[in-house]
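Raw upload.txt, compact mmCIF, C-alpha atoms and all ligand atoms:
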```txt
# COMPACT_ATOMS: atom_id res chain seq x y z
CA MET A 735 -80.96 70.17 0.70
CA ALA A 736 -77.77 70.39 2.80
CA GLU A 737 -74.74 68.60 1.35
CA ARG A 738 -71.56 68.18 3.32
CA HIS A 739 -68.98 68.36 0.53
CA HIS A 740 -67.45 71.74 -0.17
CA ASN A 741 -64.21 71.08 -2.05
CA VAL A 742 -65.80 69.98 -5.27
CA ASP A 743 -63.76 69.05 -8.33
CA ILE A 744 -66.24 70.58 -10.76
CA ASP A 745 -64.96 68.89 -13.92
CA ARG A 746 -64.93 65.46 -12.34
CA LEU A 747 -68.34 65.90 -10.75
CA THR A 748 -69.79 67.21 -14.01
CA ARG A 749 -68.51 64.08 -15.77
CA HIS A 750 -70.22 61.93 -13.15
CA TYR A 751 -73.40 63.99 -13.50
CA ARG A 752 -73.39 63.41 -17.25
CA VAL A 753 -72.90 59.65 -16.83
CA MET A 754 -75.72 59.45 -14.28
CA CYS A 755 -78.05 61.48 -16.51
CA ARG A 756 -77.26 59.22 -19.46
CA ILE A 757 -78.05 56.12 -17.39
CA ARG A 758 -81.31 57.66 -16.13
CA ALA A 759 -82.29 58.72 -19.66
CA PHE A 760 -81.50 55.29 -21.11
CA GLU A 761 -83.59 53.50 -18.51
CA THR A 762 -86.48 55.97 -18.71
CA ALA A 763 -86.53 55.51 -22.50
CA ALA A 764 -86.36 51.72 -22.13
CA GLU A 765 -89.16 51.76 -19.54
CA GLN A 766 -91.33 53.79 -21.90
CA ALA A 767 -90.54 51.54 -24.86
CA GLN A 768 -91.50 48.48 -22.85
CA ALA A 769 -94.75 50.08 -21.67
CA GLU A 770 -95.56 50.62 -25.35
CA GLY A 771 -94.98 46.93 -26.05
CA LYS A 772 -91.82 47.49 -28.07
CA VAL A 773 -89.40 45.63 -25.78
CA GLY A 774 -90.01 42.01 -24.84
CA GLY A 775 -88.85 40.19 -21.72
CA ALA A 776 -88.23 41.61 -18.26
CA ILE A 777 -86.17 44.72 -17.77
CA HIS A 778 -84.85 45.73 -14.36
CA LEU A 779 -84.24 49.42 -13.76
CA SER A 780 -81.46 50.83 -11.59
CA ILE A 781 -83.17 54.23 -11.28
CA GLY A 782 -81.91 55.77 -8.02
CA GLN A 783 -78.72 53.68 -7.99
CA GLU A 784 -76.77 55.56 -10.70
CA ALA A 785 -74.14 57.05 -8.38
CA ILE A 786 -72.69 53.62 -7.65
CA ALA A 787 -72.19 52.76 -11.32
CA ALA A 788 -70.80 56.20 -12.17
CA GLY A 789 -68.63 56.61 -9.06
CA VAL A 790 -67.05 53.16 -9.26
CA CYS A 791 -66.60 52.84 -13.03
CA GLY A 792 -65.26 56.40 -13.17
CA ASN A 793 -62.17 55.03 -11.46
CA LEU A 794 -61.55 52.21 -13.93
CA ARG A 795 -59.47 51.89 -17.07
CA VAL A 796 -60.93 50.44 -20.26
CA SER A 797 -58.71 47.40 -19.68
CA ASP A 798 -60.25 46.81 -16.24
CA GLN A 799 -63.25 44.53 -16.19
CA ILE A 800 -66.66 44.34 -14.55
CA THR A 801 -69.42 41.85 -14.08
CA THR A 802 -72.99 42.88 -13.40
CA THR A 803 -76.45 41.52 -12.74
CA HIS A 804 -79.95 41.52 -14.21
CA ARG A 805 -80.02 45.23 -13.11
CA GLY A 806 -76.97 46.17 -15.13
CA HIS A 807 -77.75 48.93 -17.67
CA GLY A 808 -76.04 51.56 -15.51
CA HIS A 809 -72.84 49.58 -15.09
CA CYS A 810 -72.67 48.95 -18.85
CA ILE A 811 -73.06 52.63 -19.73
CA ALA A 812 -70.64 53.76 -17.02
CA LYS A 813 -68.02 51.26 -18.27
CA GLY A 814 -68.36 52.57 -21.80
CA THR A 815 -70.77 50.28 -23.64
CA ASP A 816 -72.52 52.05 -26.51
CA PRO A 817 -76.15 52.77 -25.49
CA GLU A 818 -77.29 52.37 -29.09
CA ALA A 819 -76.00 48.78 -29.18
CA MET A 820 -77.67 48.24 -25.78
CA MET A 821 -81.03 49.57 -26.99
CA LEU A 822 -80.79 47.43 -30.13
CA GLU A 823 -80.23 44.49 -27.79
CA LEU A 824 -83.30 45.32 -25.70
CA PHE A 825 -85.37 45.55 -28.89
CA GLY A 826 -83.95 42.19 -30.09
CA ARG A 827 -82.47 43.75 -33.22
CA ASP A 828 -79.44 43.16 -35.39
CA GLY A 829 -76.49 45.22 -34.15
CA GLY A 830 -77.32 44.68 -30.48
CA THR A 831 -74.46 43.90 -28.09
CA CYS A 832 -75.32 40.21 -28.41
CA GLY A 833 -76.69 40.36 -31.92
CA GLY A 834 -80.16 40.99 -30.54
CA LYS A 835 -80.38 37.50 -29.08
CA GLY A 836 -79.62 38.17 -25.41
CA GLY A 837 -81.80 41.04 -24.24
CA SER A 838 -81.42 43.28 -21.21
CA MET A 839 -80.18 40.59 -18.81
CA HIS A 840 -77.39 39.38 -21.09
CA ILE A 841 -75.73 42.55 -22.31
CA ALA A 842 -71.99 41.99 -22.67
CA ASP A 843 -69.28 44.06 -24.31
CA PHE A 844 -65.80 42.63 -23.95
CA SER A 845 -64.35 45.55 -25.95
CA VAL A 846 -64.76 47.78 -22.89
CA GLY A 847 -64.24 45.08 -20.24
CA MET A 848 -67.95 44.51 -19.61
CA LEU A 849 -67.95 40.77 -19.05
CA GLY A 850 -71.68 40.47 -18.89
CA ALA A 851 -74.95 41.04 -17.15
CA ASN A 852 -76.37 37.87 -15.64
CA GLY A 853 -79.91 36.74 -14.89
CA VAL A 854 -78.76 34.22 -12.30
CA VAL A 855 -78.48 35.92 -8.92
CA ALA A 856 -74.84 35.90 -7.64
CA ALA A 857 -73.53 34.15 -10.76
CA GLY A 858 -71.40 37.15 -11.70
CA ILE A 859 -69.35 36.76 -8.52
CA PRO A 860 -67.36 33.64 -9.49
CA ILE A 861 -67.05 34.99 -13.04
CA ALA A 862 -65.38 38.16 -11.73
CA VAL A 863 -63.11 36.15 -9.45
CA GLY A 864 -62.19 33.82 -12.32
CA ALA A 865 -61.42 36.81 -14.56
CA ALA A 866 -59.17 38.24 -11.86
CA HIS A 867 -57.41 34.92 -11.41
CA GLY A 868 -56.95 34.68 -15.17
CA ALA A 869 -55.44 38.17 -15.24
CA ARG A 870 -53.08 37.18 -12.43
CA LEU A 871 -51.94 34.04 -14.28
CA LYS A 872 -51.38 36.04 -17.47
CA GLY A 873 -49.49 38.76 -15.57
CA GLU A 874 -51.98 41.45 -16.61
CA ASP A 875 -52.36 44.67 -14.63
CA LYS A 876 -56.12 44.56 -14.21
CA VAL A 877 -58.74 45.27 -11.57
CA VAL A 878 -62.07 43.45 -11.79
CA VAL A 879 -65.17 45.00 -10.23
CA CYS A 880 -68.04 42.73 -9.33
CA PHE A 881 -71.45 44.39 -8.86
CA PHE A 882 -74.27 42.47 -7.18
CA GLY A 883 -77.33 43.09 -5.04
CA ASP A 884 -77.94 42.58 -1.33
CA GLY A 885 -80.04 39.52 -2.20
CA ALA A 886 -76.98 37.83 -3.76
CA VAL A 887 -75.15 37.65 -0.42
CA ASN A 888 -77.49 34.84 0.61
CA ARG A 889 -76.45 32.58 -2.25
CA GLY A 890 -73.63 30.05 -2.22
CA PRO A 891 -71.50 31.61 -5.00
CA PHE A 892 -71.03 34.65 -2.76
CA LEU A 893 -69.11 32.58 -0.20
CA GLU A 894 -67.25 30.58 -2.83
CA GLY A 895 -66.22 33.65 -4.79
CA LEU A 896 -65.12 35.76 -1.83
CA ASN A 897 -63.24 32.85 -0.31
CA TRP A 898 -61.32 32.18 -3.53
CA ALA A 899 -60.49 35.86 -4.02
CA ALA A 900 -59.22 36.12 -0.43
CA VAL A 901 -57.17 32.90 -0.54
CA PHE A 902 -55.42 33.96 -3.76
CA ASP A 903 -55.31 37.70 -2.92
CA LEU A 904 -56.96 38.54 -6.23
CA PRO A 905 -57.49 42.06 -7.63
CA VAL A 906 -61.27 42.20 -7.18
CA LEU A 907 -63.46 44.99 -5.86
CA PHE A 908 -66.77 43.53 -4.68
CA VAL A 909 -69.56 46.11 -4.75
CA CYS A 910 -72.80 45.15 -3.03
CA GLU A 911 -75.61 47.46 -4.10
CA ALA A 912 -77.78 47.31 -1.02
CA ASN A 913 -81.02 48.64 -2.53
CA SER A 914 -83.11 47.14 0.32
CA PHE A 915 -85.01 44.62 -1.79
CA ALA A 916 -84.52 41.21 -3.34
CA SER A 917 -87.38 41.02 -5.79
CA THR A 918 -90.53 41.48 -3.64
CA THR A 919 -88.79 40.72 -0.33
CA ARG A 920 -87.03 43.14 1.99
CA SER A 921 -83.41 41.97 2.13
CA GLU A 922 -83.18 42.57 5.88
CA ASP A 923 -86.00 40.05 6.48
CA VAL A 924 -83.99 37.23 4.92
CA THR A 925 -80.40 38.15 5.81
CA ALA A 926 -78.94 36.86 9.07
CA GLY A 927 -76.33 38.76 11.05
CA PRO A 928 -75.05 42.31 10.68
CA GLY A 929 -75.01 42.41 6.85
CA PRO A 930 -72.84 42.01 3.74
CA SER A 931 -69.69 43.81 4.95
CA ALA A 932 -69.44 41.65 8.08
CA ARG A 933 -69.54 38.54 5.91
CA ALA A 934 -66.62 39.82 3.83
CA GLU A 935 -64.66 40.74 6.94
CA SER A 936 -65.19 37.24 8.35
CA LEU A 937 -63.13 36.03 5.38
CA GLY A 938 -60.41 38.60 5.98
CA ILE A 939 -61.51 40.98 3.20
CA ALA A 940 -61.44 44.64 4.24
CA ALA A 941 -64.98 46.02 3.88
CA PHE A 942 -66.39 49.53 3.80
CA ASP A 943 -69.90 50.95 4.01
CA VAL A 944 -70.76 54.01 1.94
CA ASP A 945 -73.83 56.09 1.13
CA GLY A 946 -74.38 54.83 -2.41
CA ASN A 947 -76.48 57.88 -3.31
CA ASP A 948 -73.59 60.24 -2.55
CA ILE A 949 -71.54 60.41 -5.75
CA VAL A 950 -68.58 62.13 -4.10
CA ALA A 951 -68.37 59.56 -1.30
CA VAL A 952 -68.64 56.64 -3.76
CA ASP A 953 -66.03 58.19 -6.08
CA ASP A 954 -63.59 58.86 -3.22
CA LEU A 955 -63.90 55.40 -1.72
CA ALA A 956 -63.78 53.57 -5.06
CA GLY A 957 -60.76 55.62 -6.13
CA GLU A 958 -58.85 54.69 -2.99
CA LEU A 959 -59.78 51.00 -3.13
CA VAL A 960 -59.04 50.60 -6.84
CA ARG A 961 -55.60 52.17 -6.22
CA ARG A 962 -54.93 49.79 -3.32
CA ILE A 963 -56.09 46.74 -5.27
CA ARG A 964 -53.94 47.76 -8.25
CA ALA A 965 -50.99 48.11 -5.88
CA GLY A 966 -51.42 44.44 -4.95
CA GLU A 967 -53.33 44.66 -1.67
CA GLY A 968 -55.84 41.98 -2.66
CA PRO A 969 -59.63 42.06 -2.71
CA LYS A 970 -61.78 44.73 -1.07
CA PHE A 971 -65.49 44.92 -0.40
CA VAL A 972 -67.97 47.80 -0.46
CA THR A 973 -71.56 47.86 0.74
CA ALA A 974 -73.19 50.81 -1.01
CA GLY A 975 -76.49 51.74 0.62
CA THR A 976 -79.15 52.82 -1.85
CA TYR A 977 -82.82 52.24 -2.67
CA ARG A 978 -84.59 50.62 -5.60
CA LEU A 979 -86.94 53.45 -6.59
CA LYS A 980 -88.77 51.39 -9.22
CA GLY A 981 -90.38 47.95 -8.95
CA HIS A 982 -88.33 44.78 -9.25
CA THR A 983 -89.04 44.72 -12.98
CA ALA A 984 -90.33 47.62 -15.04
CA SER A 985 -93.79 46.04 -14.92
CA ASP A 986 -93.86 45.49 -11.12
CA PRO A 987 -96.01 48.13 -9.41
CA ALA A 988 -94.43 47.07 -6.06
CA PRO A 989 -97.62 46.95 -3.95
CA TYR A 990 -95.60 45.42 -1.08
CA ARG A 991 -94.31 48.82 0.07
CA GLU A 992 -95.92 52.12 1.01
CA ALA A 993 -95.96 54.96 -1.53
CA ALA A 994 -94.82 57.33 1.24
CA GLU A 995 -91.64 55.27 1.73
CA VAL A 996 -90.78 55.51 -1.96
CA GLU A 997 -91.61 59.21 -2.04
CA ALA A 998 -89.25 59.85 0.87
CA ARG A 999 -86.46 57.96 -0.88
CA TRP A 1000 -86.92 59.99 -4.07
CA ARG A 1001 -85.73 62.94 -1.98
CA GLU A 1002 -82.35 61.18 -1.85
CA ASP A 1003 -82.15 60.83 -5.62
CA PRO A 1004 -78.40 60.74 -6.33
CA ILE A 1005 -78.74 62.79 -9.51
CA ALA A 1006 -80.63 65.59 -7.75
CA ARG A 1007 -78.07 65.52 -4.91
CA CYS A 1008 -75.23 65.82 -7.41
CA ALA A 1009 -77.00 68.75 -9.09
CA VAL A 1010 -77.19 70.52 -5.71
CA LEU A 1011 -73.43 70.12 -5.25
CA LEU A 1012 -72.73 71.49 -8.73
CA THR A 1013 -75.12 74.39 -8.25
CA ASN A 1014 -73.51 75.25 -4.92
CA ALA A 1015 -70.13 75.15 -6.66
CA GLY A 1016 -71.34 77.77 -9.13
CA VAL A 1017 -72.36 75.67 -12.14
CA PRO A 1018 -75.30 77.43 -13.82
CA ASP A 1019 -78.66 75.63 -13.96
CA THR A 1020 -78.67 76.08 -17.74
CA GLU A 1021 -75.53 73.93 -17.99
CA LEU A 1022 -77.11 71.17 -15.91
CA ALA A 1023 -80.33 71.36 -17.93
CA ALA A 1024 -78.30 71.08 -21.13
CA ILE A 1025 -76.58 67.93 -19.86
CA ARG A 1026 -79.96 66.40 -19.05
CA SER A 1027 -81.50 67.26 -22.39
CA GLU A 1028 -78.46 66.03 -24.33
CA ALA A 1029 -78.75 62.72 -22.49
CA GLU A 1030 -82.48 62.50 -23.25
CA ALA A 1031 -81.90 63.30 -26.93
CA GLU A 1032 -79.11 60.71 -27.15
CA MET A 1033 -81.33 57.99 -25.71
CA ALA A 1034 -84.40 58.99 -27.76
CA ALA A 1035 -82.20 58.57 -30.82
CA THR A 1036 -81.20 55.05 -29.70
CA VAL A 1037 -84.89 54.12 -29.49
CA ALA A 1038 -85.56 55.50 -32.98
CA THR A 1039 -82.58 53.56 -34.35
CA ALA A 1040 -83.69 50.37 -32.60
CA GLU A 1041 -87.26 50.66 -33.86
CA ALA A 1042 -86.04 51.06 -37.43
CA ALA A 1043 -83.42 48.30 -37.25
CA PRO A 1044 -83.98 44.85 -38.74
CA TYR A 1045 -84.26 41.70 -36.65
CA PRO A 1046 -81.20 39.41 -36.76
CA PRO A 1047 -81.03 37.35 -39.95
CA ILE A 1048 -82.63 33.94 -39.50
CA ALA A 1049 -79.44 32.36 -40.83
CA HIS A 1050 -77.68 33.52 -37.63
CA ALA A 1051 -80.20 31.91 -35.27
CA PHE A 1052 -77.77 29.19 -34.20
CA ASP A 1053 -74.59 31.29 -34.18
CA ASP A 1054 -72.93 31.87 -30.79
CA ILE A 1055 -74.70 28.89 -29.26
CA GLN A 1056 -72.67 26.24 -27.49
CA ASP A 1057 -72.80 22.96 -29.35
CA VAL A 1058 -73.02 20.27 -26.72
CA GLY A 1059 -73.78 17.54 -29.25
CA ALA A 1060 -76.91 15.52 -29.81
CA PRO A 1061 -78.35 13.55 -26.85
CA ALA A 1062 -77.15 9.92 -26.75
C1 LIG A 1101 -80.37 31.74 -8.53
C2 LIG A 1101 -81.58 32.63 -8.70
N1 LIG A 1101 -82.56 32.57 -7.77
C3 LIG A 1101 -83.65 33.36 -7.91
C4 LIG A 1101 -83.79 34.19 -8.99
C5 LIG A 1101 -85.02 35.09 -9.13
N2 LIG A 1101 -84.61 36.47 -8.85
C6 LIG A 1101 -84.31 37.33 -9.84
S1 LIG A 1101 -83.79 38.81 -9.27
C7 LIG A 1101 -83.99 38.32 -7.67
C8 LIG A 1101 -83.68 39.27 -6.55
C9 LIG A 1101 -82.25 39.66 -6.53
O1 LIG A 1101 -82.05 40.60 -5.52
P1 LIG A 1101 -80.67 41.34 -5.41
O2 LIG A 1101 -79.56 40.37 -5.58
O3 LIG A 1101 -80.69 42.13 -4.16
O4 LIG A 1101 -80.63 42.30 -6.68
P2 LIG A 1101 -81.63 43.48 -7.05
O5 LIG A 1101 -82.75 42.87 -7.86
O6 LIG A 1101 -82.12 44.10 -5.79
O7 LIG A 1101 -80.81 44.41 -7.86
C10 LIG A 1101 -84.45 37.01 -7.61
C11 LIG A 1101 -84.71 36.30 -6.35
C12 LIG A 1101 -82.75 34.20 -9.94
N3 LIG A 1101 -82.78 34.98 -11.00
N4 LIG A 1101 -81.64 33.43 -9.76
```
I need this file expressed as structure tokens, please.
Amino acid sequence: MAERHHNVDIDRLTRHYRVMCRIRAFETAAEQAQAEGKVGGAIHLSIGQEAIAAGVCGNLRVSDQITTTHRGHGHCIAKGTDPEAMMLELFGRDGGTCGGKGGSMHIADFSVGMLGANGVVAAGIPIAVGAAHGARLKGEDKVVVCFFGDGAVNRGPFLEGLNWAAVFDLPVLFVCEANSFASTTRSEDVTAGPGPSARAESLGIAAFDVDGNDIVAVDDLAGELVRRIRAGEGPKFVTAGTYRLKGHTASDPAPYREAAEVEARWREDPIARCAVLLTNAGVPDTELAAIRSEAEAEMAATVATAEAAPYPPIAHAFDDIQDVGAPA
């Protein structure tokens, strides 16, 4: 496979490779655990989209913040959330990121600036903008990254959030993961006009398109935009082209698309492309294989821990729940 990058920073790219392999291994382990009936509820896999999470979050500080979606495992791991706490959460066990009461779509870890996954499409957008506005009011030096899918651009909060960020010049990087699908629908069939970036530009937000399966391109662009946002240039927008290699949920066989299409897109697997770059730069295959097997062992251990862990104590069932009072 021909790759166009030659001046590779091997250490940096190896770090990205490791992050991507850890995301892939976590999701493969979670997929397997769900197939075995060990994980309840829907899980949405970001397999094939790992370069966006790794390339963007690799440019953030722990004090920076992100919001993500129902398809958020990769963003959590790339931002530094502990995969063991995530797996405990998927299994509904004590010690999970939300005490085992939230599941895959509600993983949150404020300790590393992960403000939350969100099952409501586009709902993370105003949360990210609000976090950025809060940081501005408190005088904090913080960049907030908002990840969402190409289906989210057709919901109202997209317009509201982008408009607010532009009006107040807030430090937000919007990252649209254009994986070609919104559930069982092709995004292009339900999206008017030239696409997500044009919508951002119509509000005066500088927007950039990038190959989201090219880790070096994502890293370079995110690095530049995070620097510019931190320097006070206001919000920026990225449309990262990618492809959802798995079904909408882990249990969706995706009969609405041809197997040949999916097979062709597997040839653009961002992890395999990254491995080619590292190999061409002289990194031995044994080193890459070791990174992959370490990631697999790490995630297998999280499954073992989760299976053995207790469920949350019944006494905590009503903890962390908003008390809105009894109905009148
Ligand atoms: C407000 C709202 N409408 C509909 C749904 C059902 N739903 C869940 S995921 C999804 C598709 C989202 O597509 P996209 O934003 O592109 O993200 P992707 O799943 O591709 O990562 C839909 C319609 C929802 N969760 N929330």
For ligand LIG 1101 (chain A), return the neighbouring residues as a ChimeraX atom specification (distance at most 8 Å; only C-alpha atoms and all ligand atoms). /A:778,780,803-805,853-857,882-887,889,911-918,921,978,982
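As for atom CA of A:Asp943 and atom CA of A:Ala974, they are spaced 6.0 Å apart.
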Between atom CA of A:Glu770 and atom CA of A:Val996, what distance in Å does the model show, to one decimal? 24.4 Å
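Between atom CA of A:Gly834 and atom CA of A:Ala851 the separation is 14.4 Å.
For stretch 820-822 of chain A, the set of protein, DNA and RNA residues having any atom at most 6 Å away, when counting all atoms listed in the file and skipping those fewer than 6 positions along the same chain, is Gly830, Thr831 and Ala1040 of chain A.
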Using only C-alpha atoms, I'd like a table of the residues in stretch 818-919 of chain A that come within 6 Å of stretch 781-799 of chain A; for each, show the closest atom pair and its distance in Å rounded to one decimal, ordered by chain and ascending number, as CSV.
```
residue,atom,partner,partner_atom,distance
A:Val846,CA,A:Val796,CA,5.4
A:Gly847,CA,A:Gln799,CA,4.2
A:Met848,CA,A:Gln799,CA,5.8
A:Lys876,CA,A:Asp798,CA,5.1
A:Val877,CA,A:Asp798,CA,5.1
A:Val878,CA,A:Gln799,CA,4.7
```
Produce a table with one row for each residue of stretch 801-831 of chain A that has an atom at most 9 Å from any atom of stretch 745-756 of chain A, each row naming the nearest atom pair and its distance in Å at one decimal; use all atoms listed in the file; arrange rows by chain and rising residue number; format as a tab-separated table.
```
residue	atom	partner	partner_atom	distance
A:Gly808	CA	A:Met754	CA	8.0
A:Ile811	CA	A:Val753	CA	7.6
A:Ala812	CA	A:Val753	CA	6.3
A:Pro817	CA	A:Arg756	CA	8.9
```
Neighbour list for stretch 926-936 of chain A as a PyMOL selection string, cut-off 7 Å, all atoms listed in the file, skip fewer than 4 positions in-chain: chain A and resi 887+940-942+971-973
Close residues, A:Gln768 itself excluded, 10 Å, only C-alpha atoms, min 4 positions apart in chain, as a PyMOL selection string: chain A and resi 762-764+772-777+824-825+984-985
With only C-alpha atoms as the counted atoms, please give the residues lying no more than 8 Å from A:Ile963, apart from itself and same-chain residues fewer than 6 positions off, as a PyMOL selection string. chain A and resi 877+905-907+969-970
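Counting all atoms listed in the file and comparing A:Asp953, A:Glu967, A:Glu992, A:Glu761, the residue that lies closest to A:Ala900 is A:Glu967.
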Considering all atoms listed in the file, can you say which of A:Asp948, A:Asp986, A:Glu894, A:Glu874 comes closest to A:Ala769? A:Asp986
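With all atoms listed in the file as the basis for measurement, A:Leu896 is the residue among A:Leu896, A:Val960, A:Ala842, A:Leu955 that approaches A:Gly938 most closely.
In terms of minimum interatomic distance to A:Gly868, A:Phe902 ranks closest within A:Ser838, A:Thr1039, A:Phe902, A:Gly890, counting all atoms listed in the file.
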Neighbours of stretch 1006-1011 of chain A within 7 Å (all atoms listed in the file; same-chain residues fewer than 4 positions away dropped), as a tab-separated table (two decimals) with C-alpha atoms, keeping the file's coordinate frame?
```tsv
chain	number	residue	atom	x	y	z
A	737	GLU	CA	-74.74	68.60	1.35
A	751	TYR	CA	-73.40	63.99	-13.50
A	949	ILE	CA	-71.54	60.41	-5.75
A	1002	GLU	CA	-82.35	61.18	-1.85
A	1015	ALA	CA	-70.13	75.15	-6.66
```
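Of the residues listed (A:Glu995, A:Phe892, A:Val863, A:Ala1043), A:Ala1043 shows the shortest atom-to-atom separation from A:Ala819; distances use all atoms listed in the file.
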Report as lines of an AutoDock Vina configuration file the centre and the edge lengths, in Å to one decimal, of the axis-aligned box holding every listed atom of stretch 1040-1050 of chain A, padded by 6 Å on each side.
```
center_x = -82.5
center_y = 41.7
center_z = -36.7
size_x = 21.6
size_y = 30.7
size_z = 20.2
```
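Candidate residues A:Asp743, A:Val1037, A:Ala865, A:Met839 were compared for distance to A:Asp954, and the nearest is A:Asp743, using all atoms listed in the file.
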